[in-house]
file run_4.txt (compact mmCIF, C-alpha atoms and all ligand atoms)
# COMPACT_ATOMS: atom_id res chain seq x y z
CA MET A 341 7.97 -7.08 -21.44
CA GLN A 342 6.36 -10.49 -20.98
CA ILE A 343 2.59 -10.50 -20.30
CA ILE A 344 1.15 -13.25 -18.12
CA ASP A 345 -1.86 -13.72 -20.40
CA ASN A 346 0.47 -14.45 -23.34
CA PHE A 347 2.58 -16.94 -21.44
CA ASN A 348 2.01 -20.68 -21.43
CA PHE A 349 3.22 -22.20 -18.16
CA ALA A 350 2.80 -25.82 -19.32
CA GLY A 351 5.64 -27.91 -17.88
CA LYS A 352 7.23 -24.84 -16.28
CA LYS A 353 8.01 -24.13 -12.65
CA ALA A 354 7.04 -20.60 -11.71
CA ILE A 355 8.36 -18.89 -8.60
CA VAL A 356 5.75 -16.34 -7.59
CA ARG A 357 6.38 -13.51 -5.11
CA VAL A 358 3.07 -13.00 -3.34
CA ASP A 359 2.11 -10.83 -0.40
CA PHE A 360 0.90 -13.31 2.19
CA ASN A 361 1.69 -10.96 5.05
CA VAL A 362 -1.79 -11.60 6.44
CA PRO A 363 -3.08 -10.73 9.92
CA LEU A 364 -3.48 -13.64 12.35
CA ASN A 365 -6.01 -13.94 15.15
CA LYS A 366 -4.00 -13.44 18.37
CA GLU A 367 -5.88 -16.18 20.25
CA THR A 368 -6.47 -18.87 17.63
CA GLY A 369 -3.57 -18.14 15.29
CA ALA A 370 -5.97 -18.43 12.33
CA VAL A 371 -5.81 -16.03 9.39
CA SER A 372 -8.21 -13.23 10.34
CA ASP A 373 -8.34 -11.51 6.94
CA ASP A 374 -7.49 -13.50 3.82
CA THR A 375 -7.85 -10.65 1.30
CA ARG A 376 -4.19 -10.94 0.31
CA ILE A 377 -4.41 -14.70 -0.24
CA ARG A 378 -7.48 -14.22 -2.41
CA GLY A 379 -5.65 -11.45 -4.29
CA ALA A 380 -3.03 -13.96 -5.48
CA LEU A 381 -5.50 -16.60 -6.67
CA PRO A 382 -5.96 -15.52 -10.32
CA THR A 383 -2.20 -15.79 -10.93
CA ILE A 384 -1.86 -19.13 -9.12
CA LYS A 385 -4.85 -20.58 -10.97
CA LYS A 386 -3.60 -19.46 -14.38
CA ILE A 387 -0.25 -21.18 -13.85
CA LEU A 388 -1.87 -24.40 -12.64
CA ALA A 389 -4.51 -24.38 -15.39
CA ASP A 390 -1.75 -24.10 -18.00
CA GLY A 391 -0.07 -27.21 -16.55
CA GLY A 392 2.67 -25.48 -14.61
CA SER A 393 3.73 -25.77 -10.98
CA VAL A 394 3.85 -22.94 -8.46
CA ILE A 395 6.48 -22.03 -5.89
CA LEU A 396 5.03 -19.37 -3.61
CA MET A 397 7.28 -17.05 -1.64
CA SER A 398 6.36 -14.26 0.76
CA HIS A 399 7.37 -12.41 3.88
CA MET A 400 5.34 -12.17 7.06
CA GLY A 401 5.85 -9.52 9.69
CA ARG A 402 9.25 -8.34 10.81
CA PRO A 403 11.14 -11.34 12.22
CA LYS A 404 14.54 -10.65 13.79
CA GLN A 405 15.88 -14.18 13.69
CA ASN A 406 15.79 -17.41 11.72
CA PRO A 407 13.56 -19.24 12.40
CA ASP A 408 10.87 -17.58 14.52
CA PRO A 409 7.64 -19.57 14.94
CA LYS A 410 5.66 -16.37 15.55
CA PHE A 411 6.30 -15.35 11.96
CA SER A 412 6.23 -18.77 10.33
CA LEU A 413 4.20 -19.09 7.15
CA LYS A 414 3.34 -22.60 8.36
CA GLN A 415 0.52 -20.86 10.19
CA ILE A 416 -1.23 -19.98 6.95
CA ILE A 417 -0.93 -23.32 5.13
CA SER A 418 -4.54 -24.36 5.78
CA ALA A 419 -5.88 -20.93 4.77
CA VAL A 420 -3.95 -21.14 1.49
CA GLU A 421 -5.09 -24.74 0.91
CA GLU A 422 -8.68 -23.72 1.49
CA ARG A 423 -8.45 -20.91 -1.05
CA VAL A 424 -6.56 -22.80 -3.78
CA GLY A 425 -8.72 -25.90 -3.22
CA GLN A 426 -5.83 -28.38 -2.97
CA THR A 427 -3.13 -29.45 -0.56
CA ILE A 428 0.17 -27.63 -0.75
CA GLN A 429 3.73 -28.57 0.14
CA PHE A 430 5.85 -26.54 2.53
CA ALA A 431 9.59 -25.84 2.53
CA GLU A 432 10.83 -25.23 6.08
CA ASP A 433 13.81 -23.21 4.86
CA CYS A 434 13.33 -20.88 1.91
CA ALA A 435 17.02 -20.86 1.06
CA ASN A 436 17.40 -24.65 1.10
CA ALA A 437 14.43 -25.83 -0.89
CA GLU A 438 16.11 -27.04 -4.08
CA ALA A 439 15.22 -30.72 -3.58
CA GLN A 440 11.54 -29.96 -2.96
CA ALA A 441 11.44 -27.51 -5.88
CA ALA A 442 13.08 -30.06 -8.19
CA ALA A 443 10.55 -32.75 -7.21
CA LEU A 444 7.55 -30.48 -7.82
CA LYS A 445 5.20 -31.81 -10.52
CA PRO A 446 2.80 -29.92 -12.79
CA GLY A 447 -0.31 -28.91 -10.86
CA GLU A 448 1.51 -28.86 -7.51
CA ILE A 449 2.19 -25.95 -5.17
CA LEU A 450 5.13 -25.44 -2.85
CA LEU A 451 5.09 -22.65 -0.25
CA LEU A 452 8.47 -21.42 0.99
CA GLU A 453 9.01 -20.41 4.61
CA ASN A 454 9.15 -16.67 5.44
CA LEU A 455 11.76 -14.95 3.26
CA ARG A 456 12.56 -12.45 6.00
CA PHE A 457 14.02 -15.16 8.20
CA TYR A 458 17.09 -14.22 6.15
CA GLU A 459 18.45 -10.70 6.48
CA GLU A 460 19.52 -11.07 2.86
CA GLU A 461 15.89 -10.66 1.76
CA GLU A 462 15.65 -7.03 2.86
CA GLY A 463 19.37 -6.41 2.55
CA LYS A 464 19.25 -4.80 6.00
CA PRO A 465 21.85 -6.06 8.49
CA ARG A 466 20.44 -7.19 11.83
CA GLY A 467 21.82 -6.52 15.27
CA GLU A 468 23.21 -3.48 17.04
CA PHE A 469 25.84 -1.22 15.49
CA GLU A 470 28.03 1.14 17.44
CA THR A 471 28.17 3.73 14.69
CA GLU A 472 26.26 4.67 11.56
CA GLU A 473 29.46 3.98 9.65
CA ALA A 474 29.59 0.38 10.95
CA LYS A 475 25.97 -0.12 9.93
CA LYS A 476 26.70 1.20 6.46
CA GLU A 477 29.66 -1.15 6.13
CA ALA A 478 27.55 -4.13 7.22
CA LYS A 479 24.91 -3.16 4.67
CA LYS A 480 27.52 -3.02 1.94
CA ALA A 481 28.85 -6.41 2.95
CA LEU A 482 25.34 -7.84 2.78
CA LYS A 483 24.80 -6.80 -0.86
CA PRO A 484 26.64 -9.71 -2.51
CA LYS A 485 24.97 -12.09 -0.07
CA GLN A 486 21.60 -10.69 -1.07
CA LYS A 487 22.48 -11.44 -4.68
CA GLU A 488 23.41 -15.01 -3.79
CA PHE A 489 20.16 -15.39 -1.85
CA ALA A 490 18.11 -14.12 -4.81
CA LYS A 491 20.06 -16.34 -7.19
CA LYS A 492 19.26 -19.35 -5.03
CA LEU A 493 15.55 -18.56 -5.09
CA ALA A 494 15.73 -18.06 -8.85
CA SER A 495 17.41 -21.46 -9.28
CA TYR A 496 14.21 -23.22 -8.12
CA ALA A 497 12.19 -22.15 -11.17
CA ASP A 498 12.06 -21.49 -14.92
CA VAL A 499 9.93 -18.38 -14.62
CA TYR A 500 9.58 -15.47 -12.17
CA VAL A 501 6.23 -13.81 -11.50
CA ASN A 502 5.94 -10.82 -9.18
CA ASP A 503 2.44 -10.37 -7.81
CA ALA A 504 3.24 -8.70 -4.49
CA PHE A 505 2.20 -5.12 -5.04
CA GLY A 506 2.45 -4.32 -1.32
CA THR A 507 6.25 -4.75 -1.43
CA ALA A 508 6.87 -3.44 -4.96
CA HIS A 509 8.44 -0.27 -3.51
CA ARG A 510 11.15 -2.32 -1.82
CA ALA A 511 14.39 -3.38 -3.50
CA HIS A 512 14.41 -6.76 -1.79
CA GLY A 513 15.88 -10.08 -2.87
CA SER A 514 12.56 -11.58 -3.92
CA THR A 515 10.94 -8.41 -5.26
CA ALA A 516 13.70 -6.94 -7.42
CA VAL A 517 17.14 -8.59 -7.27
CA ILE A 518 15.80 -12.01 -8.32
CA ALA A 519 14.61 -10.62 -11.66
CA GLU A 520 18.24 -10.30 -12.82
CA PHE A 521 18.43 -14.07 -13.02
CA PHE A 522 15.63 -14.50 -15.54
CA ALA A 523 15.61 -13.63 -19.23
CA GLU A 524 13.20 -10.90 -20.37
CA GLU A 525 10.65 -13.42 -21.67
CA ASN A 526 10.66 -15.41 -18.42
CA LYS A 527 9.72 -12.69 -15.93
CA MET A 528 6.41 -10.91 -15.64
CA PHE A 529 3.84 -9.35 -13.32
CA GLY A 530 0.97 -11.39 -11.97
CA TYR A 531 -2.65 -10.31 -12.34
CA LEU A 532 -2.76 -8.34 -9.09
CA ILE A 533 0.17 -6.07 -9.93
CA ASN A 534 -1.18 -5.71 -13.46
CA SER A 535 -4.54 -4.47 -12.20
CA GLU A 536 -2.91 -2.11 -9.67
CA LEU A 537 -0.76 -0.58 -12.43
CA ILE A 538 -3.72 -0.19 -14.78
CA ALA A 539 -5.75 1.58 -12.05
CA MET A 540 -2.91 3.87 -11.02
CA ASP A 541 -1.91 4.74 -14.57
CA LYS A 542 -5.51 5.54 -15.39
CA VAL A 543 -5.38 8.21 -12.71
CA LEU A 544 -1.83 9.44 -13.27
CA LYS A 545 -1.58 9.32 -17.04
CA ASP A 546 -5.07 9.14 -18.45
CA ALA A 547 -7.42 10.95 -16.04
CA GLN A 548 -10.64 12.39 -17.34
CA ALA A 549 -11.34 15.92 -16.06
CA PRO A 550 -12.46 17.07 -13.64
CA PHE A 551 -9.98 15.08 -11.59
CA THR A 552 -10.32 15.48 -7.81
CA ALA A 553 -7.68 14.29 -5.36
CA ILE A 554 -8.84 13.92 -1.78
CA MET A 555 -5.91 13.97 0.62
CA GLY A 556 -6.53 13.31 4.29
CA GLY A 557 -4.71 11.80 7.22
CA ALA A 558 -2.60 13.14 9.98
CA LYS A 559 0.34 15.01 8.51
CA VAL A 560 1.21 17.26 5.58
CA SER A 561 4.77 15.95 5.70
CA ASP A 562 3.60 12.43 4.77
CA LYS A 563 1.55 13.63 1.81
CA ILE A 564 3.63 16.48 0.46
CA LEU A 565 5.30 14.55 -2.36
CA ILE A 566 2.07 13.08 -3.63
CA ILE A 567 0.32 16.46 -3.45
CA GLU A 568 3.13 18.09 -5.42
CA ASN A 569 3.04 15.39 -8.08
CA LEU A 570 -0.74 15.68 -8.37
CA LEU A 571 -0.82 19.48 -8.73
CA ASP A 572 0.10 19.08 -12.41
CA ARG A 573 -2.74 16.66 -12.96
CA VAL A 574 -5.80 17.57 -10.91
CA GLN A 575 -8.43 20.26 -11.23
CA ASN A 576 -9.51 19.96 -7.59
CA LEU A 577 -7.50 19.24 -4.47
CA ILE A 578 -9.48 18.46 -1.33
CA ILE A 579 -7.57 18.62 1.95
CA GLY A 580 -8.92 16.94 5.09
CA GLY A 581 -7.89 15.28 8.33
CA GLY A 582 -5.27 16.57 10.73
CA MET A 583 -3.22 18.30 8.04
CA THR A 584 -6.07 20.78 7.59
CA TYR A 585 -4.81 22.75 10.56
CA THR A 586 -1.32 23.34 9.25
CA PHE A 587 -2.98 25.05 6.27
CA ILE A 588 -5.41 26.99 8.46
CA LYS A 589 -2.69 28.17 10.85
CA ALA A 590 -0.45 29.13 7.93
CA GLN A 591 -3.22 31.44 6.75
CA GLY A 592 -3.56 33.06 10.17
CA GLY A 593 -6.51 31.05 11.57
CA GLU A 594 -7.09 30.10 15.20
CA ILE A 595 -6.64 26.33 15.56
CA GLY A 596 -6.77 25.79 19.33
CA ASN A 597 -5.08 22.50 20.21
CA SER A 598 -5.55 20.96 16.75
CA LEU A 599 -2.74 18.97 15.17
CA CYS A 600 -0.23 21.27 13.53
CA GLU A 601 3.22 20.87 12.05
CA ALA A 602 4.79 24.17 13.03
CA ASP A 603 7.76 23.60 10.72
CA LYS A 604 5.52 23.02 7.71
CA LEU A 605 3.62 26.34 7.71
CA ASP A 606 5.71 27.80 4.89
CA LEU A 607 5.35 24.59 2.94
CA ALA A 608 1.56 24.78 3.28
CA LEU A 609 1.56 28.33 1.89
CA GLU A 610 3.87 27.22 -0.91
CA ILE A 611 1.45 24.44 -1.88
CA LEU A 612 -1.43 26.93 -1.95
CA GLU A 613 0.57 29.31 -4.14
CA LYS A 614 1.63 26.56 -6.52
CA ALA A 615 -1.95 25.33 -6.77
CA LYS A 616 -3.14 28.85 -7.57
CA ALA A 617 -0.48 29.27 -10.24
CA LYS A 618 -1.54 26.00 -11.84
CA GLY A 619 -5.24 26.82 -11.68
CA VAL A 620 -6.04 24.01 -9.21
CA ASN A 621 -9.05 24.62 -6.93
CA VAL A 622 -8.03 23.83 -3.35
CA TYR A 623 -10.77 22.97 -0.88
CA ILE A 624 -9.86 23.21 2.80
CA PRO A 625 -12.44 22.40 5.50
CA THR A 626 -14.42 25.45 6.62
CA ASP A 627 -16.08 23.90 9.68
CA ALA A 628 -15.17 21.12 12.08
CA VAL A 629 -16.31 18.93 14.92
CA ASN A 630 -14.01 19.81 17.81
CA ALA A 631 -13.18 17.80 20.92
CA ASP A 632 -12.05 18.96 24.35
CA LYS A 633 -9.61 16.04 24.47
CA PHE A 634 -8.31 13.34 22.12
CA ALA A 635 -10.67 10.62 23.32
CA ALA A 636 -13.72 8.68 22.19
CA ASP A 637 -15.79 10.13 25.05
CA ALA A 638 -14.68 13.74 24.53
CA GLU A 639 -17.14 16.64 24.70
CA THR A 640 -17.72 18.05 21.22
CA CYS A 641 -18.62 21.38 19.62
CA VAL A 642 -18.77 22.65 16.05
CA SER A 643 -16.93 25.77 14.88
CA LYS A 644 -15.34 27.36 11.85
CA THR A 645 -11.96 25.73 11.29
CA ASP A 646 -10.20 29.09 11.60
CA GLU A 647 -12.06 29.91 14.83
CA THR A 648 -11.34 26.80 16.85
CA PRO A 649 -11.99 27.73 20.50
CA ALA A 650 -8.93 27.74 22.78
CA GLY A 651 -8.46 24.36 24.44
CA TRP A 652 -10.35 22.45 21.71
CA MET A 653 -9.06 20.43 18.77
CA GLY A 654 -10.65 19.72 15.39
CA LEU A 655 -11.11 15.98 14.89
CA ASP A 656 -13.57 15.76 11.99
CA ILE A 657 -15.07 17.83 9.21
CA ALA A 658 -18.57 19.17 9.92
CA ASP A 659 -21.73 19.54 7.82
CA GLU A 660 -20.90 22.61 5.71
CA THR A 661 -17.58 21.05 4.66
CA ILE A 662 -19.20 17.66 4.03
CA ALA A 663 -21.72 19.34 1.70
CA THR A 664 -19.04 21.29 -0.21
CA PHE A 665 -16.70 18.32 -0.57
CA SER A 666 -19.52 15.96 -1.57
CA GLU A 667 -20.61 18.29 -4.36
CA VAL A 668 -17.09 18.65 -5.76
CA ILE A 669 -16.65 14.88 -5.66
CA ALA A 670 -20.05 14.21 -7.24
CA ASN A 671 -19.12 16.43 -10.21
CA SER A 672 -15.77 14.71 -10.81
CA LYS A 673 -14.90 12.24 -13.54
CA THR A 674 -11.79 10.95 -11.78
CA VAL A 675 -11.36 10.64 -8.01
CA LEU A 676 -8.31 9.62 -6.01
CA TRP A 677 -8.79 9.27 -2.26
CA ASN A 678 -6.00 8.78 0.25
CA GLY A 679 -6.41 9.40 3.98
CA PRO A 680 -9.37 9.90 6.34
CA MET A 681 -11.14 13.22 6.93
CA GLY A 682 -11.04 12.86 10.70
CA VAL A 683 -10.23 10.54 13.56
CA PHE A 684 -12.57 7.97 12.08
CA GLU A 685 -11.45 5.26 14.52
CA MET A 686 -13.66 7.04 17.09
CA GLU A 687 -17.37 6.92 16.31
CA LYS A 688 -17.93 10.58 17.25
CA PHE A 689 -15.42 11.69 14.61
CA ALA A 690 -16.18 9.20 11.82
CA LYS A 691 -19.07 11.00 10.14
CA GLY A 692 -16.95 13.08 7.75
CA THR A 693 -14.92 10.11 6.50
CA THR A 694 -18.09 8.02 6.09
CA ALA A 695 -19.75 10.84 4.14
CA ILE A 696 -16.75 11.12 1.82
CA ALA A 697 -16.74 7.34 1.28
CA HIS A 698 -20.38 7.59 0.18
CA ALA A 699 -19.65 10.63 -2.00
CA VAL A 700 -16.89 8.70 -3.79
CA ALA A 701 -19.29 5.77 -4.33
CA GLN A 702 -21.91 8.19 -5.67
CA ALA A 703 -19.42 9.76 -8.07
CA THR A 704 -18.57 6.26 -9.29
CA ALA A 705 -22.25 5.52 -9.83
CA ASN A 706 -22.36 8.77 -11.88
CA GLY A 707 -19.62 7.38 -14.14
CA ALA A 708 -16.41 8.55 -12.48
CA PHE A 709 -13.30 6.38 -12.14
CA SER A 710 -12.39 6.17 -8.46
CA LEU A 711 -9.22 4.85 -6.89
CA ILE A 712 -8.91 4.40 -3.14
CA GLY A 713 -5.56 3.81 -1.49
CA GLY A 714 -3.96 3.85 1.94
CA GLY A 715 -4.96 1.64 4.85
CA ASP A 716 -7.35 4.07 6.52
CA SER A 717 -9.39 5.10 3.49
CA VAL A 718 -9.57 1.47 2.42
CA ALA A 719 -10.76 0.56 5.94
CA ALA A 720 -13.42 3.29 5.72
CA ILE A 721 -14.63 1.97 2.35
CA ASN A 722 -14.76 -1.60 3.69
CA LYS A 723 -16.45 -0.59 6.94
CA ASN A 724 -19.20 1.07 4.92
CA LYS A 725 -19.44 -1.94 2.57
CA LEU A 726 -18.64 0.22 -0.45
CA ALA A 727 -15.72 -1.77 -1.92
CA ASP A 728 -17.80 -2.90 -4.90
CA LYS A 729 -19.21 0.62 -5.39
CA VAL A 730 -15.85 2.21 -6.22
CA SER A 731 -13.68 1.47 -9.25
CA TYR A 732 -10.53 0.18 -7.57
CA VAL A 733 -9.30 -0.37 -4.02
CA SER A 734 -5.52 -0.57 -3.93
CA THR A 735 -3.91 -3.33 -1.88
CA GLY A 736 -0.59 -1.56 -1.39
CA GLY A 737 -0.53 1.47 0.91
CA GLY A 738 3.13 2.46 0.77
CA ALA A 739 3.68 1.16 -2.77
CA MET A 740 0.69 3.10 -4.08
CA LEU A 741 1.79 6.31 -2.34
CA GLU A 742 5.26 6.06 -3.85
CA TYR A 743 3.91 5.36 -7.33
CA MET A 744 1.58 8.33 -7.00
CA GLU A 745 4.52 10.45 -5.87
CA GLY A 746 6.05 9.69 -9.26
CA LYS A 747 8.78 7.44 -7.87
CA VAL A 748 10.11 4.41 -9.69
CA LEU A 749 9.27 1.28 -7.69
CA PRO A 750 12.14 -1.26 -7.69
CA GLY A 751 9.76 -4.23 -8.00
CA ILE A 752 8.11 -2.66 -11.04
CA GLU A 753 11.35 -1.44 -12.61
CA ALA A 754 12.93 -4.92 -12.31
CA ILE A 755 10.37 -6.25 -14.78
CA ARG A 756 9.10 -3.29 -16.76
CA GLY A 757 12.28 -1.26 -16.84
CA CYS A 758 10.63 1.95 -15.51
P1 LIG B 1 -2.34 8.84 7.72
O1 LIG B 1 -1.72 7.55 8.15
O2 LIG B 1 -1.37 9.96 7.54
O3 LIG B 1 -3.25 8.67 6.53
O4 LIG B 1 -3.22 9.32 8.93
C1 LIG B 1 -4.29 8.60 9.40
C2 LIG B 1 -4.58 9.02 10.80
O5 LIG B 1 -4.89 10.39 10.83
C3 LIG B 1 -5.78 8.30 11.37
O6 LIG B 1 -5.34 7.46 12.40
C4 LIG B 1 -6.64 9.42 11.90
O7 LIG B 1 -7.15 9.18 13.18
C5 LIG B 1 -5.71 10.60 11.93
N1 LIG B 1 -6.44 11.88 11.82
C6 LIG B 1 -7.35 12.22 10.92
N2 LIG B 1 -7.83 13.44 11.17
C7 LIG B 1 -7.22 13.91 12.27
C8 LIG B 1 -7.31 15.10 13.01
N3 LIG B 1 -8.15 16.09 12.67
N4 LIG B 1 -6.53 15.23 14.11
C9 LIG B 1 -5.69 14.23 14.47
N5 LIG B 1 -5.54 13.07 13.79
C10 LIG B 1 -6.30 12.91 12.70
call {"tool": "encode", "arguments": {"input": "run_4.txt", "output": "structure tokens"}}
result
Amino acid sequence: MQIIDNFNFAGKKAIVRVDFNVPLNKETGAVSDDTRIRGALPTIKKILADGGSVILMSHMGRPKQNPDPKFSLKQIISAVEERVGQTIQFAEDCANAEAQAAALKPGEILLLENLRFYEEEEGKPRGEFETEEAKKEAKKALKPKQKEFAKKLASYADVYVNDAFGTAHRAHGSTAVIAEFFAEENKMFGYLINSELIAMDKVLKDAQAPFTAIMGGAKVSDKILIIENLLDRVQNLIIGGGMTYTFIKAQGGEIGNSLCEADKLDLALEILEKAKAKGVNVYIPTDAVNADKFAADAETCVSKTDETPAGWMGLDIADETIATFSEVIANSKTVLWNGPMGVFEMEKFAKGTTAIAHAVAQATANGAFSLIGGGDSVAAINKNKLADKVSYVSTGGGAMLEYMEGKVLPGIEAIRGC
């Protein structure tokens, strides 16, 4: 596999898949969070410093037609220029940019318009279908067109670099199919994907014990695959958030109106049995902050999680649980955190998630390796200004989850082979 650090881009044109799917301010249209643009800078700078030229390609949002000004990457040109420190060129049509690509000189950057203006990018046919069968047929018919689309993009450049970790779990034209059109030595990951892979592999393949996985969020069903994959690797499994109550109910507790997946009760018991058989310590919240309604101004009370009063719902972990969880985390050498401990969007129910964010930072200060992934846990870390106090904050929610589930990501496989 080619390694970006070993590659000299001098005189080469590199087409780089980045994730510039950045949020825009609804009123001004300006980029409101440029984290993803900054994430791509090391790769862009390396190519330019070597004497190469850069063709940037990305998606933005979920456009349904071509073109759609709401989703145009034109809107981010000035933000990209500001970050790269030079003017950039723009191709209005990503699939008809050969002349601009050919004219590109060393040191120059060309940004292609939103890849998802073409249904070929995702390989998902647009429009209404009368039957599932018709949809399947349309998808099949789109496959060769997707190949052509990817081949066209590939024709603009000598080298392909994938640095869009956020879409690495998608088998799209620009994330996977395109790689077919480059020889082994001319395709590679950018620095962002490299660092994501190093962080995730450190946890999955090379974790120092004790390894604690903290799984929160709303539903067991969303986290079941990752929990199962982690049971062979962790010493401690901490459960939090809404999924707590499926476990509590499965064990016969009273959960009031708390979130519960009635069809996942057996699954919860199965997880507990598997964990026991593998010698994994499972920590489930013992006390909670309850609300009389799902609202920021709800009345609150604290109870044992298995004695939730009728009519109330558990929306955060309470002090006893915070203390237990914090101690387990503090004594860990590896920590993986995915999902909030409560409804942290509401101030009254944010304390548990904030406390866990601080516990993870403390464990890191004690020498642990900590990896945070998933939009909500990342938001909690950022909100508490702890991003530089943990080892790694993943940029790809869905991609990270799938990698942690043990799945092969198409964007990774296309370059690394597994
Ligand atoms: P997820 O996307 O699965 O990680 O879930 C995140 C969501 O779970 C957040 O929006 C939280 O508000 C929500 N959540 C966390 N704890 C609870 C809870 N006890 N009851 C209901 N929702 C919760």
call {"tool": "atom_distance", "arguments": {"input": "run_4.txt", "atom1": "CA of Gly582 (chain A)", "atom2": "CA of Leu599 (chain A)"}}
result
5.6 Å
call {"tool": "residues_around", "arguments": {"input": "run_4.txt", "residues": "Ile567 (chain A)", "least_positions_apart": "4", "cutoff": "8 Å", "atoms": "only C-alpha atoms", "output": "tab-separated table (two decimals) with C-alpha atoms, in the coordinates of the input"}}
result
chain	number	residue	atom	x	y	z
A	555	MET	CA	-5.91	13.97	0.62
A	563	LYS	CA	1.55	13.63	1.81
A	571	LEU	CA	-0.82	19.48	-8.73
A	745	GLU	CA	4.52	10.45	-5.87
call {"tool": "residues_near_ligand", "arguments": {"input": "run_4.txt", "ligand": "ligand LIG 1 (chain B)", "cutoff": "7 Å", "atoms": "all atoms listed in the file", "output": "ChimeraX atom specification"}}
result
/A:556-559,562,581-582,598-599,654-656,678-685,714,716
call {"tool": "closest_residue", "arguments": {"input": "run_4.txt", "among": "A:Tyr500, A:Phe551, A:Phe430, A:Phe505", "to": "Phe360 (chain A)", "atoms": "only C-alpha atoms"}}
result
A:Phe505
call {"tool": "residues_near_point", "arguments": {"input": "run_4.txt", "point": "(13.0, -22.5, -9.4)", "cutoff": "12 Å", "atoms": "only C-alpha atoms", "output": "VMD selection string"}}
result
chain A and resid 352 to 357 392 to 397 434 to 444 450 452 490 to 501 518 521 to 522 526
call {"tool": "closest_residue", "arguments": {"input": "run_4.txt", "among": "A:Thr507, A:Asn454, A:Asn365, A:Asn630", "to": "Gly596 (chain A)", "atoms": "only C-alpha atoms"}}
result
A:Asn630
call {"tool": "atom_distance", "arguments": {"input": "run_4.txt", "atom1": "CA of Thr674 (chain A)", "atom2": "CA of Lys545 (chain A)"}}
result
11.6 Å
call {"tool": "residues_around", "arguments": {"input": "run_4.txt", "residues": "Gly401 (chain A)", "least_positions_apart": "2", "cutoff": "8 Å", "atoms": "all atoms listed in the file", "output": "number ranges by chain"}}
result
A: 361, 399, 403, 411
call {"tool": "residues_near_point", "arguments": {"input": "run_4.txt", "point": "(-11.5, 1.2, 11.0)", "cutoff": "10 Å", "atoms": "only C-alpha atoms", "output": "list of chain:residue names"}}
result
A:Val683, A:Phe684, A:Glu685, A:Met686, A:Glu687, A:Ala690, A:Gly715, A:Asp716, A:Ser717, A:Val718, A:Ala719, A:Ala720, A:Ile721, A:Asn722, A:Lys723, A:Asn724
call {"tool": "atom_distance", "arguments": {"input": "run_4.txt", "atom1": "CA of Val748 (chain A)", "atom2": "CA of Leu612 (chain A)"}}
result
26.5 Å
call {"tool": "residues_around", "arguments": {"input": "run_4.txt", "residues": "Val574 (chain A)", "least_positions_apart": "2", "cutoff": "9 Å", "atoms": "all atoms listed in the file", "output": "PyMOL selection string"}}
result
chain A and resi 547+549-553+570-572+576-577+620-621+674
call {"tool": "closest_residue", "arguments": {"input": "run_4.txt", "among": "A:Ser643, A:Thr375, A:Ser418, A:Thr383", "to": "Gly530 (chain A)", "atoms": "all atoms listed in the file"}}
result
A:Thr383
call {"tool": "residues_around", "arguments": {"input": "run_4.txt", "residues": "Leu711 (chain A)", "least_positions_apart": "4", "cutoff": "7 Å", "atoms": "all atoms listed in the file", "output": "list in words"}}
result
Val675, Leu676, Trp677, Ser731, Tyr732 and Val733 of chain A
call {"tool": "residues_around", "arguments": {"input": "run_4.txt", "residues": "Tyr623 (chain A)", "least_positions_apart": "4", "cutoff": "10 Å", "atoms": "all atoms listed in the file", "output": "list in words"}}
result
Ile554, Asn576, Leu577, Ile578, Ile579, Gly580, Thr584, Thr661, Thr664, Phe665 and Val668 of chain A
call {"tool": "closest_residue", "arguments": {"input": "run_4.txt", "among": "A:Val730, A:Ile344, A:Leu607, A:Ala695", "to": "Ile712 (chain A)", "atoms": "all atoms listed in the file"}}
result
A:Val730
call {"tool": "decode", "arguments": {"input": "run_4.txt", "residues": "region 606-611 of chain A", "atoms": "N, CA, C and O atoms", "output": "CSV table (one decimal), in the first residue's frame"}}
result
chain,number,residue,atom,x,y,z
A,606,ASP,N,-34.7,-9.5,25.4
A,606,ASP,CA,-34.0,-10.8,25.4
A,606,ASP,C,-32.5,-10.5,25.0
A,606,ASP,O,-31.6,-11.1,25.5
A,607,LEU,N,-32.4,-9.6,24.0
A,607,LEU,CA,-31.1,-9.2,23.5
A,607,LEU,C,-30.2,-8.7,24.7
A,607,LEU,O,-29.0,-9.0,24.8
A,608,ALA,N,-30.8,-7.8,25.5
A,608,ALA,CA,-30.1,-7.2,26.6
A,608,ALA,C,-29.6,-8.3,27.6
A,608,ALA,O,-28.5,-8.3,28.0
A,609,LEU,N,-30.5,-9.3,27.8
A,609,LEU,CA,-30.1,-10.3,28.8
A,609,LEU,C,-29.0,-11.2,28.1
A,609,LEU,O,-28.0,-11.6,28.8
A,610,GLU,N,-29.1,-11.4,26.8
A,610,GLU,CA,-28.0,-12.1,26.1
A,610,GLU,C,-26.7,-11.4,26.2
A,610,GLU,O,-25.7,-12.1,26.4
A,611,ILE,N,-26.7,-10.1,26.1
A,611,ILE,CA,-25.4,-9.3,26.2
A,611,ILE,C,-24.8,-9.5,27.6
A,611,ILE,O,-23.7,-9.8,27.7
